[in-house]
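Source file: coords.cif; contents: mmCIF, C-alpha atoms.
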```cif
data_entry
loop_
_atom_site.label_atom_id
_atom_site.label_comp_id
_atom_site.auth_asym_id
_atom_site.auth_seq_id
_atom_site.Cartn_x
_atom_site.Cartn_y
_atom_site.Cartn_z
CA MET A 1 -12.96 20.10 -65.85
CA THR A 2 -10.85 18.92 -68.79
CA ASP A 3 -12.39 17.16 -71.80
CA ASP A 4 -11.10 13.72 -70.72
CA ALA A 5 -11.82 14.09 -67.00
CA VAL A 6 -14.91 12.34 -65.63
CA ILE A 7 -14.17 13.06 -61.96
CA GLU A 8 -12.57 16.18 -60.62
CA ILE A 9 -12.40 17.06 -56.94
CA SER A 10 -10.78 20.18 -55.57
CA ASN A 11 -9.52 20.98 -52.06
CA VAL A 12 -11.79 18.47 -50.33
CA TRP A 13 -11.67 18.41 -46.53
CA LYS A 14 -13.53 16.15 -44.15
CA ILE A 15 -13.31 16.87 -40.45
CA PHE A 16 -15.47 14.78 -38.12
CA GLY A 17 -16.88 16.48 -35.04
CA ASP A 18 -19.30 19.16 -33.86
CA ASN A 19 -16.68 21.89 -34.32
CA ALA A 20 -15.61 20.91 -37.84
CA GLN A 21 -15.79 24.39 -39.37
CA ASP A 22 -13.88 25.99 -36.49
CA ALA A 23 -11.29 23.23 -36.71
CA LEU A 24 -10.93 23.71 -40.46
CA LYS A 25 -10.39 27.44 -40.02
CA ALA A 26 -7.74 26.78 -37.40
CA VAL A 27 -5.98 24.27 -39.66
CA LYS A 28 -5.87 26.77 -42.52
CA ASP A 29 -4.98 29.80 -40.39
CA ARG A 30 -2.63 28.24 -37.89
CA GLY A 31 -1.41 25.08 -39.60
CA LEU A 32 -2.63 22.70 -36.88
CA GLY A 33 -1.86 19.00 -37.24
CA LYS A 34 -4.24 16.08 -36.68
CA ALA A 35 -3.22 15.62 -33.04
CA GLU A 36 -3.66 19.32 -32.31
CA VAL A 37 -7.09 19.39 -33.97
CA LEU A 38 -8.19 16.44 -31.87
CA SER A 39 -6.87 18.00 -28.66
CA GLU A 40 -8.20 21.52 -29.21
CA PHE A 41 -11.50 20.87 -31.03
CA ASN A 42 -12.27 17.22 -30.25
CA ALA A 43 -12.41 16.72 -34.03
CA VAL A 44 -10.78 14.23 -36.37
CA VAL A 45 -9.27 15.13 -39.75
CA GLY A 46 -10.34 12.37 -42.15
CA VAL A 47 -9.47 13.98 -45.50
CA ALA A 48 -7.14 16.97 -45.79
CA ASP A 49 -7.18 19.25 -48.85
CA VAL A 50 -7.34 16.51 -51.51
CA SER A 51 -7.51 17.42 -55.18
CA LEU A 52 -7.42 14.94 -58.06
CA SER A 53 -8.74 14.30 -61.56
CA VAL A 54 -9.74 10.94 -63.05
CA ASN A 55 -9.98 10.41 -66.80
CA ARG A 56 -12.63 8.55 -68.75
CA GLY A 57 -12.15 4.79 -68.66
CA GLU A 58 -9.29 5.04 -66.16
CA ILE A 59 -8.82 2.71 -63.18
CA PHE A 60 -7.56 5.06 -60.48
CA CYS A 61 -6.31 3.23 -57.38
CA VAL A 62 -6.27 5.03 -54.04
CA MET A 63 -4.16 3.29 -51.46
CA GLY A 64 -2.69 3.75 -48.04
CA LEU A 65 -2.44 2.10 -44.67
CA SER A 66 -5.40 1.72 -42.32
CA GLY A 67 -6.51 5.17 -41.18
CA SER A 68 -4.97 6.98 -44.15
CA GLY A 69 -8.37 8.33 -45.27
CA LYS A 70 -8.81 6.34 -48.49
CA SER A 71 -12.23 4.84 -47.65
CA THR A 72 -13.39 8.15 -46.20
CA LEU A 73 -12.40 9.87 -49.44
CA VAL A 74 -14.27 7.48 -51.75
CA ARG A 75 -17.52 8.05 -49.87
CA HIS A 76 -17.42 11.71 -50.85
CA PHE A 77 -17.74 11.04 -54.57
CA ASN A 78 -21.42 10.14 -54.19
CA ARG A 79 -21.90 12.12 -50.95
CA LEU A 80 -22.40 9.19 -48.64
CA LEU A 81 -20.25 11.54 -46.58
CA GLU A 82 -20.66 15.30 -46.82
CA PRO A 83 -17.34 17.12 -47.15
CA THR A 84 -16.56 19.88 -44.68
CA SER A 85 -15.24 21.91 -47.59
CA GLY A 86 -14.33 21.51 -51.25
CA LYS A 87 -15.77 20.83 -54.68
CA ILE A 88 -16.79 17.53 -56.31
CA GLU A 89 -17.61 17.38 -60.00
CA ILE A 90 -18.61 14.22 -61.90
CA GLU A 91 -19.43 14.27 -65.62
CA GLY A 92 -19.80 18.03 -65.38
CA THR A 93 -22.28 17.83 -62.49
CA ASP A 94 -21.55 19.78 -59.32
CA VAL A 95 -22.38 17.00 -56.85
CA MET A 96 -22.42 19.42 -53.90
CA ALA A 97 -25.24 21.43 -55.53
CA LEU A 98 -27.66 18.49 -55.80
CA GLY A 99 -30.76 18.41 -53.63
CA PRO A 100 -31.94 15.17 -51.97
CA ARG A 101 -34.02 13.89 -54.91
CA GLU A 102 -31.46 14.92 -57.50
CA LEU A 103 -28.72 13.26 -55.46
CA GLN A 104 -30.69 10.02 -55.20
CA ARG A 105 -31.26 10.01 -58.97
CA PHE A 106 -27.61 10.84 -59.58
CA ARG A 107 -26.42 7.95 -57.40
CA ASN A 108 -28.78 5.51 -59.08
CA GLN A 109 -28.00 6.51 -62.65
CA LYS A 110 -24.37 7.62 -62.61
CA ILE A 111 -22.54 5.66 -59.91
CA GLY A 112 -22.17 2.01 -58.99
CA MET A 113 -20.53 0.98 -55.73
CA VAL A 114 -18.92 -2.30 -54.67
CA PHE A 115 -18.02 -2.77 -51.00
CA GLN A 116 -15.73 -5.17 -49.17
CA ASN A 117 -18.89 -6.56 -47.59
CA PHE A 118 -20.88 -8.20 -50.37
CA ALA A 119 -24.14 -6.69 -49.00
CA LEU A 120 -26.38 -9.08 -50.93
CA MET A 121 -30.05 -9.42 -49.94
CA PRO A 122 -30.36 -12.94 -48.50
CA HIS A 123 -34.10 -13.26 -49.30
CA ARG A 124 -33.56 -12.43 -52.98
CA SER A 125 -32.16 -14.65 -55.69
CA VAL A 126 -28.90 -13.77 -57.41
CA LEU A 127 -30.85 -12.47 -60.43
CA ASP A 128 -33.10 -10.34 -58.20
CA ASN A 129 -30.06 -8.93 -56.39
CA VAL A 130 -28.47 -7.88 -59.66
CA ALA A 131 -31.74 -6.37 -60.91
CA MET A 132 -32.23 -4.19 -57.80
CA PRO A 133 -30.79 -0.93 -59.24
CA LEU A 134 -33.09 -1.30 -62.24
CA GLU A 135 -36.05 -1.97 -59.96
CA ILE A 136 -35.29 1.28 -58.13
CA ARG A 137 -35.34 3.00 -61.52
CA GLN A 138 -38.77 1.44 -62.04
CA VAL A 139 -37.68 -0.47 -65.13
CA ALA A 140 -40.35 -3.00 -66.16
CA LYS A 141 -39.78 -6.42 -64.61
CA ASN A 142 -39.18 -8.38 -67.84
CA GLU A 143 -36.68 -5.79 -69.06
CA ARG A 144 -34.76 -5.56 -65.81
CA MET A 145 -34.53 -9.33 -65.57
CA ARG A 146 -33.24 -9.46 -69.14
CA GLN A 147 -30.58 -6.84 -68.40
CA ALA A 148 -29.62 -8.51 -65.11
CA ALA A 149 -29.24 -11.88 -66.84
CA ALA A 150 -27.00 -10.29 -69.48
CA ILE A 151 -24.73 -8.83 -66.80
CA LEU A 152 -24.59 -12.18 -64.98
CA ASP A 153 -23.39 -13.76 -68.21
CA ILE A 154 -20.62 -11.15 -68.46
CA VAL A 155 -19.34 -12.06 -64.96
CA GLU A 156 -19.74 -15.77 -65.83
CA LEU A 157 -22.55 -16.47 -63.36
CA GLY A 158 -25.38 -16.91 -65.83
CA ALA A 159 -26.23 -20.39 -64.54
CA TRP A 160 -26.55 -19.16 -60.94
CA GLY A 161 -29.35 -16.63 -61.31
CA SER A 162 -31.92 -18.67 -59.40
CA LYS A 163 -29.61 -19.40 -56.45
CA PHE A 164 -29.44 -17.46 -53.18
CA ALA A 165 -26.38 -15.75 -51.72
CA HIS A 166 -25.69 -18.43 -49.09
CA GLU A 167 -25.38 -21.01 -51.87
CA LEU A 168 -22.46 -19.15 -53.46
CA SER A 169 -18.79 -18.97 -52.50
CA GLY A 170 -17.27 -15.70 -51.32
CA GLY A 171 -15.70 -15.04 -54.71
CA MET A 172 -18.99 -15.70 -56.49
CA GLN A 173 -20.85 -13.41 -54.10
CA GLN A 174 -18.40 -10.62 -54.85
CA ARG A 175 -18.95 -11.13 -58.56
CA VAL A 176 -22.69 -10.77 -57.93
CA GLY A 177 -21.95 -7.52 -56.10
CA LEU A 178 -19.96 -6.30 -59.09
CA ALA A 179 -22.73 -7.36 -61.48
CA ARG A 180 -25.29 -5.45 -59.40
CA ALA A 181 -23.12 -2.32 -59.59
CA LEU A 182 -22.84 -2.71 -63.37
CA ALA A 183 -26.51 -3.52 -63.99
CA ALA A 184 -27.61 0.13 -64.14
CA ASN A 185 -24.76 0.90 -66.58
CA PRO A 186 -23.21 3.63 -64.39
CA ASP A 187 -20.61 6.06 -65.68
CA VAL A 188 -18.47 5.61 -62.55
CA LEU A 189 -17.61 2.60 -60.39
CA LEU A 190 -16.54 3.09 -56.77
CA MET A 191 -14.85 -0.02 -55.36
CA ASP A 192 -13.85 -0.01 -51.70
CA GLU A 193 -11.40 -2.88 -51.06
CA PRO A 194 -13.75 -5.26 -52.92
CA PHE A 195 -11.43 -8.27 -52.86
CA SER A 196 -9.68 -7.88 -49.50
CA ALA A 197 -11.94 -10.30 -47.60
CA LEU A 198 -11.21 -13.14 -50.01
CA ASP A 199 -8.60 -15.89 -49.92
CA PRO A 200 -5.41 -15.00 -51.84
CA LEU A 201 -6.03 -17.38 -54.75
CA ILE A 202 -9.66 -16.28 -55.21
CA ARG A 203 -8.57 -12.68 -54.83
CA ARG A 204 -6.04 -12.97 -57.65
CA GLN A 205 -8.59 -14.69 -59.88
CA LEU A 206 -11.07 -11.87 -59.32
CA GLN A 207 -8.38 -9.29 -60.01
CA ASP A 208 -7.74 -11.01 -63.35
CA GLU A 209 -11.45 -11.11 -64.13
CA PHE A 210 -11.87 -7.46 -63.22
CA ILE A 211 -8.93 -6.45 -65.45
CA LYS A 212 -10.48 -8.39 -68.33
CA LEU A 213 -13.92 -6.91 -67.66
CA SER A 214 -12.51 -3.39 -67.46
CA LYS A 215 -10.97 -3.71 -70.91
CA ILE A 216 -14.41 -4.58 -72.28
CA LEU A 217 -16.61 -2.09 -70.40
CA ARG A 218 -14.12 0.80 -69.93
CA LYS A 219 -15.83 2.08 -66.80
CA THR A 220 -14.18 4.97 -64.99
CA THR A 221 -13.23 3.36 -61.68
CA ILE A 222 -12.03 4.50 -58.28
CA PHE A 223 -10.48 1.42 -56.68
CA ILE A 224 -9.58 1.56 -52.98
CA THR A 225 -6.95 -0.86 -51.69
CA HIS A 226 -4.28 -1.20 -49.00
CA ASP A 227 -2.38 -3.72 -51.13
CA LEU A 228 0.35 -2.21 -53.35
CA ASP A 229 0.65 -5.37 -55.47
CA GLU A 230 -3.09 -5.16 -56.20
CA ALA A 231 -2.83 -1.47 -57.09
CA VAL A 232 0.08 -2.14 -59.43
CA ARG A 233 -1.78 -4.98 -61.17
CA ILE A 234 -5.05 -3.13 -61.58
CA GLY A 235 -4.43 0.61 -61.64
CA ASP A 236 -3.68 2.86 -64.58
CA ARG A 237 -2.59 5.39 -61.96
CA ILE A 238 -2.07 5.12 -58.20
CA ALA A 239 -2.62 7.71 -55.47
CA ILE A 240 -0.97 7.17 -52.09
CA MET A 241 -2.60 8.71 -49.01
CA ARG A 242 -1.23 9.36 -45.55
CA ASP A 243 -3.03 11.02 -42.62
CA GLY A 244 -5.84 12.15 -44.90
CA ARG A 245 -3.53 13.83 -47.41
CA MET A 246 -2.61 12.85 -50.94
CA VAL A 247 1.15 12.22 -50.88
CA GLN A 248 1.76 11.21 -54.51
CA ILE A 249 -0.20 10.47 -57.69
CA GLY A 250 1.29 8.73 -60.71
CA THR A 251 1.70 5.49 -62.62
CA ALA A 252 3.21 2.54 -60.79
CA GLU A 253 6.46 3.23 -62.62
CA ASP A 254 6.42 6.93 -61.63
CA ILE A 255 5.97 6.06 -57.98
CA VAL A 256 8.53 3.25 -57.90
CA MET A 257 11.17 5.23 -59.79
CA HIS A 258 10.48 8.68 -58.32
CA PRO A 259 9.00 8.34 -54.80
CA ALA A 260 7.89 11.74 -53.52
CA ASP A 261 9.33 11.24 -50.04
CA ASP A 262 10.74 8.67 -47.62
CA TYR A 263 7.24 7.45 -46.72
CA VAL A 264 6.47 6.55 -50.33
CA ALA A 265 9.93 5.07 -50.81
CA ASP A 266 9.37 2.77 -47.83
CA PHE A 267 5.89 1.96 -49.11
CA VAL A 268 7.12 0.75 -52.51
CA ALA A 269 10.41 -0.78 -51.32
CA GLY A 270 9.08 -4.34 -51.49
CA ILE A 271 7.44 -4.16 -54.91
CA SER A 272 9.01 -6.10 -57.78
CA ARG A 273 10.17 -3.70 -60.48
CA LEU A 274 10.32 -6.37 -63.20
CA LYS A 275 6.83 -5.66 -64.59
CA VAL A 276 6.56 -2.05 -63.39
CA VAL A 277 9.64 -0.31 -64.78
CA HIS A 278 9.92 0.18 -68.55
CA ALA A 279 12.76 0.85 -70.96
CA HIS A 280 12.19 4.62 -71.24
CA ALA A 281 12.85 4.98 -67.49
CA VAL A 282 16.16 3.12 -67.63
CA MET A 283 17.68 4.28 -70.93
CA GLN A 284 20.55 6.73 -71.29
CA PRO A 285 21.27 9.10 -74.20
CA ILE A 286 23.03 7.55 -77.17
CA GLY A 287 26.61 8.76 -76.91
CA GLY A 288 28.46 6.86 -79.59
CA PRO A 289 28.21 4.51 -82.58
CA ILE A 290 25.45 1.91 -82.43
CA PRO A 291 26.35 -1.70 -83.29
CA ALA A 292 24.28 -2.83 -86.25
CA ASP A 293 23.39 -6.12 -84.57
CA ALA A 294 22.44 -4.63 -81.17
CA PRO A 295 19.01 -5.77 -79.93
CA ARG A 296 16.25 -3.18 -80.22
CA VAL A 297 13.16 -2.81 -78.05
CA ASP A 298 10.21 -0.43 -77.78
CA GLU A 299 10.41 2.17 -75.02
CA ALA A 300 7.46 0.46 -73.25
CA GLU A 301 9.30 -2.87 -72.86
CA THR A 302 9.46 -4.14 -69.28
CA LEU A 303 12.53 -4.49 -67.11
CA SER A 304 11.99 -8.25 -67.02
CA THR A 305 12.34 -8.50 -70.82
CA LEU A 306 15.34 -6.18 -70.82
CA ILE A 307 17.16 -8.37 -68.29
CA ASN A 308 16.51 -11.50 -70.37
CA LEU A 309 17.85 -9.72 -73.46
CA ALA A 310 20.97 -8.63 -71.59
CA ILE A 311 21.61 -12.20 -70.46
CA ASP A 312 21.48 -13.49 -74.03
CA ASP A 313 23.31 -10.65 -75.82
CA ASP A 314 26.55 -8.82 -74.93
CA HIS A 315 25.59 -5.70 -76.87
CA PRO A 316 23.88 -2.72 -75.25
CA ILE A 317 20.13 -2.59 -75.85
CA ILE A 318 18.84 0.14 -78.15
CA VAL A 319 15.50 1.70 -77.19
CA GLN A 320 13.16 2.88 -79.93
CA ASP A 321 10.16 5.18 -80.12
CA SER A 322 8.04 4.68 -83.27
CA GLY A 323 11.00 2.97 -84.95
CA ARG A 324 13.49 5.74 -84.12
CA ASP A 325 16.53 5.06 -81.89
CA VAL A 326 16.12 7.22 -78.77
CA GLY A 327 18.30 5.68 -76.07
CA VAL A 328 20.63 2.92 -74.94
CA ILE A 329 20.66 0.53 -71.97
CA THR A 330 23.73 -1.31 -70.71
CA ARG A 331 23.94 -4.20 -68.29
CA ALA A 332 25.26 -1.75 -65.68
CA ASP A 333 22.14 0.40 -66.13
CA LEU A 334 19.92 -2.62 -65.55
CA LEU A 335 21.88 -3.76 -62.51
CA ARG A 336 21.71 -0.33 -60.87
CA THR A 337 17.98 -0.10 -61.56
CA VAL A 338 17.32 -3.49 -59.98
CA ILE A 339 19.50 -2.85 -56.93
CA GLU A 340 18.62 0.77 -56.22
CA GLY A 341 15.13 1.00 -57.66
CA THR A 342 15.92 4.50 -58.88
CA GLU A 343 16.82 6.04 -62.16
CA VAL A 344 20.45 5.70 -63.10
CA SER A 345 22.44 8.92 -63.21
#
```
Would you mind writing the file's structure down as structure tokens?
Amino acid sequence: MTDDAVIEISNVWKIFGDNAQDALKAVKDRGLGKAEVLSEFNAVVGVADVSLSVNRGEIFCVMGLSGSGKSTLVRHFNRLLEPTSGKIEIEGTDVMALGPRELQRFRNQKIGMVFQNFALMPHRSVLDNVAMPLEIRQVAKNERMRQAAAILDIVELGAWGSKFAHELSGGMQQRVGLARALAANPDVLLMDEPFSALDPLIRRQLQDEFIKLSKILRKTTIFITHDLDEAVRIGDRIAIMRDGRMVQIGTAEDIVMHPADDYVADFVAGISRLKVVHAHAVMQPIGGPIPADAPRVDEAETLSTLINLAIDDDHPIIVQDSGRDVGVITRADLLRTVIEGTEVS
């Protein structure tokens, strides 16, 4: 595990069925596909040879269509599902080596999980729901209530601590679920489509609140979603899954500009590039004299800003890195990038 990596998983497989090990051997030895595994072994390949690394404080979005294996994968990080094969390491701990008691302690102290279903206890108040992880840790009542109240303030529900779940809106209930996951101060957050059951407006508001909260708390987060727009808004990096396999991992810009295959290209075809693509991905080498009055931008400037500059100024745009001129962008470069969604040649 690298110094910055909090999560590192290697060659993780999950095959459901009584003959999982035999099926895995056949997949490795004979290259069987999912349909062949199902036919020959009556087994289902849920996750296929996935390896990835997640850095400290990173929001790592895993996305794919229904049945791609993304929710199955996230349940391996805290061993809610046991992998058929592979290695899982979190904060230097070999999760697969933990016994039952150690695993329970590890889940309670290291990992918080937020589900699509709010899973709040209806007979407990909001404050009691948030304090549950601390109660399991056997934290004294006054202290756990103090900590739970502090977390409720962070998610802007401090005035609702005495209410019950049915008295809250869906968006508020999901914020309580997030507060409960944060109450034990875990190193890692696992979020499985937490906002997908909400109305679009409430969903966007919670995305904004989560982005703001993430900047404050810097929790290492695995965020599962089927919504590319959501992944682009929230994720530092995005992983796209298909049929249990990891197809591509990269920033939103990497994936939009350099799709690994036709599947990924189709997947990202509808995404707006205006806030995703940056100047360094569009620029060309400087091949001639630079006009003194040409506009200059940082290499991280967005395509949207570049287009507005090009509308207002006839000169090519000069791209800078730490104050040094490193590239040039013409209107033709911008037009090709918008139309094709690929790097200009």
Check your understanding: Hey, can you pull every residue with an atom no more than 8 Å from (-10.6, 3.9, -52.9), using all atoms listed in the file, and send it as number ranges by chain?
Key -> A: 61-63, 70-71, 73-74, 190-193, 222-225
Practice item. Find the residues near range 149-151 of chain A: any atom within 9 Å, counting only C-alpha atoms, skip ones fewer than 3 places away on the same chain, and give them as a list in words. Key: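 My list of contacting residues is Leu127, Val130, Ala131, Arg144, Met145, Arg146, Ile154, Val155, Glu156, Leu157, Gly158, Gly161, Ala179, Arg180, Leu182 and Ala183 of chain A.
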Exercise for review: Would you list the contacts of range 43-47 of chain A as a PyMOL selection string, taking every protein, DNA or RNA residue within 8 Å and counting all atoms listed in the file, but skipping same-chain residues closer than 6 positions in sequence?
Suggested key: chain A and resi 12-20+23+34+37+68-69+72-73+243-245
**Study point:** the PyMOL selection byres ((chain A and resi 330) around 12) resolved against shown file, as a ChimeraX atom specification
**Key:** /A:279,282-286,294-295,306-307,309-311,313-319,327-329,331-337,344
Practice item. Go through A:Ser322, A:Gln174, A:Gln21, A:Thr220 one by one, measure the shortest atom-to-atom distance of each to Ile202 in chain A using all atoms listed in the file, and give the residue with the smallest value. Key: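 Nearest to Ile202 in chain A: A:Gln174.
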